[in-house]
Amino acid sequence: MSKTIITASPATLDLDQPGSIPPDWVLSGKPETRSKMLGRTHDWTSNIVVWECAAGSYTWHYNQDEVIIVISGEGFMTNGKGEERRFGPGDVGFFPAGTTCTWHHQDHFRKVAVLKESYGRPLGFGLKAWNKLLRVVGLTGKSPL
């Protein structure tokens, strides 16, 4: 994707990509999904998606790191330790790659998700060092942070 700044209003955005949860993950109901990808990083390691799900219960296996910000509706998430947490508008969650949880929605649930490929620590450290080197020698822009 280009290096264009992208803006959106996720609460009212038309989600044009119908989808479904894998049938063997569904526990009850018909949790049909819709989504829209807003953007992808230049290196293709991260993307931002607005995602919505209808009522139902399902197990979700995270194969990428995922940060969510709930826009509307509510979801009840039960983690691998059996602990349940309610997620509603404005709530944020982080789900590391390799984790699994169970979700239940009584009605719709809409979120913004930031998905990132997960790398092992040595490779991640190497990429971070490489990017810092590029900034130091002036080959990429400097961050104000």
# chains A, B, ... in the order shown; residues from 1 in each chain; ligands from 1

call {"tool": "closest_atom_pairs", "arguments": {"of": "range 80-136 of chain A", "to": "range 48-52 of chain A", "cutoff": "12 Å", "atoms": "only C-alpha atoms", "output": "JSON lines"}}
result
{"residue": "A:His105", "atom": "CA", "partner": "A:Glu52", "partner_atom": "CA", "distance": 10.7}
{"residue": "A:Asp107", "atom": "CA", "partner": "A:Glu52", "partner_atom": "CA", "distance": 10.5}
{"residue": "A:His108", "atom": "CA", "partner": "A:Glu52", "partner_atom": "CA", "distance": 6.9}
{"residue": "A:Phe109", "atom": "CA", "partner": "A:Glu52", "partner_atom": "CA", "distance": 5.4}
{"residue": "A:Arg110", "atom": "CA", "partner": "A:Glu52", "partner_atom": "CA", "distance": 4.2}
{"residue": "A:Lys111", "atom": "CA", "partner": "A:Trp51", "partner_atom": "CA", "distance": 5.4}
{"residue": "A:Val112", "atom": "CA", "partner": "A:Val50", "partner_atom": "CA", "distance": 4.5}
{"residue": "A:Ala113", "atom": "CA", "partner": "A:Val49", "partner_atom": "CA", "distance": 5.2}
{"residue": "A:Val114", "atom": "CA", "partner": "A:Ile48", "partner_atom": "CA", "distance": 4.6}
{"residue": "A:Leu115", "atom": "CA", "partner": "A:Ile48", "partner_atom": "CA", "distance": 6.3}
{"residue": "A:Lys116", "atom": "CA", "partner": "A:Ile48", "partner_atom": "CA", "distance": 9.0}

call {"tool": "select_by_dssp", "arguments": {"residues": "chain A", "states": "alpha helix (DSSP H)", "output": "ChimeraX atom specification"}}
result
/A:121-136

call {"tool": "residues_around", "arguments": {"residues": "range 59-66 of chain A", "least_positions_apart": "2", "cutoff": "12 Å", "atoms": "only C-alpha atoms", "output": "MDAnalysis selection string"}}
result
chainID A and resid 21:28 31 45:49 56:57 68:69 76:80 92:105 111:119

call {"tool": "atom_distance", "arguments": {"atom1": "CA of Lys132 in chain A", "atom2": "CA of Ile5 in chain A"}}
result
23.0 Å

call {"tool": "closest_residue", "arguments": {"among": "A:Asp91, A:Leu134, A:Thr12, A:Glu83", "to": "Val67 in chain A", "atoms": "only C-alpha atoms"}}
result
A:Asp91

call {"tool": "select_by_dssp", "arguments": {"residues": "chain A", "states": "strand (DSSP E)", "output": "PyMOL selection string"}}
result
chain A and resi 17-19+26-29+33-40+46-53+56-61+65-73+75-78+84-87+92-95+100-105+109-116

call {"tool": "atom_distance", "arguments": {"atom1": "CA of Glu74 in chain A", "atom2": "CA of Gln106 in chain A"}}
result
7.6 Å

call {"tool": "atom_distance", "arguments": {"atom1": "CA of Lys3 in chain A", "atom2": "CA of Pro122 in chain A"}}
result
28.1 Å

call {"tool": "closest_residue", "arguments": {"among": "A:Val137, A:Ile6, A:Glu84, A:Pro18", "to": "Arg40 in chain A", "atoms": "only C-alpha atoms"}}
result
A:Ile6

call {"tool": "closest_residue", "arguments": {"among": "A:Asp43, A:Cys53, A:Lys30, A:Ile71", "to": "Ser9 in chain A", "atoms": "only C-alpha atoms"}}
result
A:Ile71
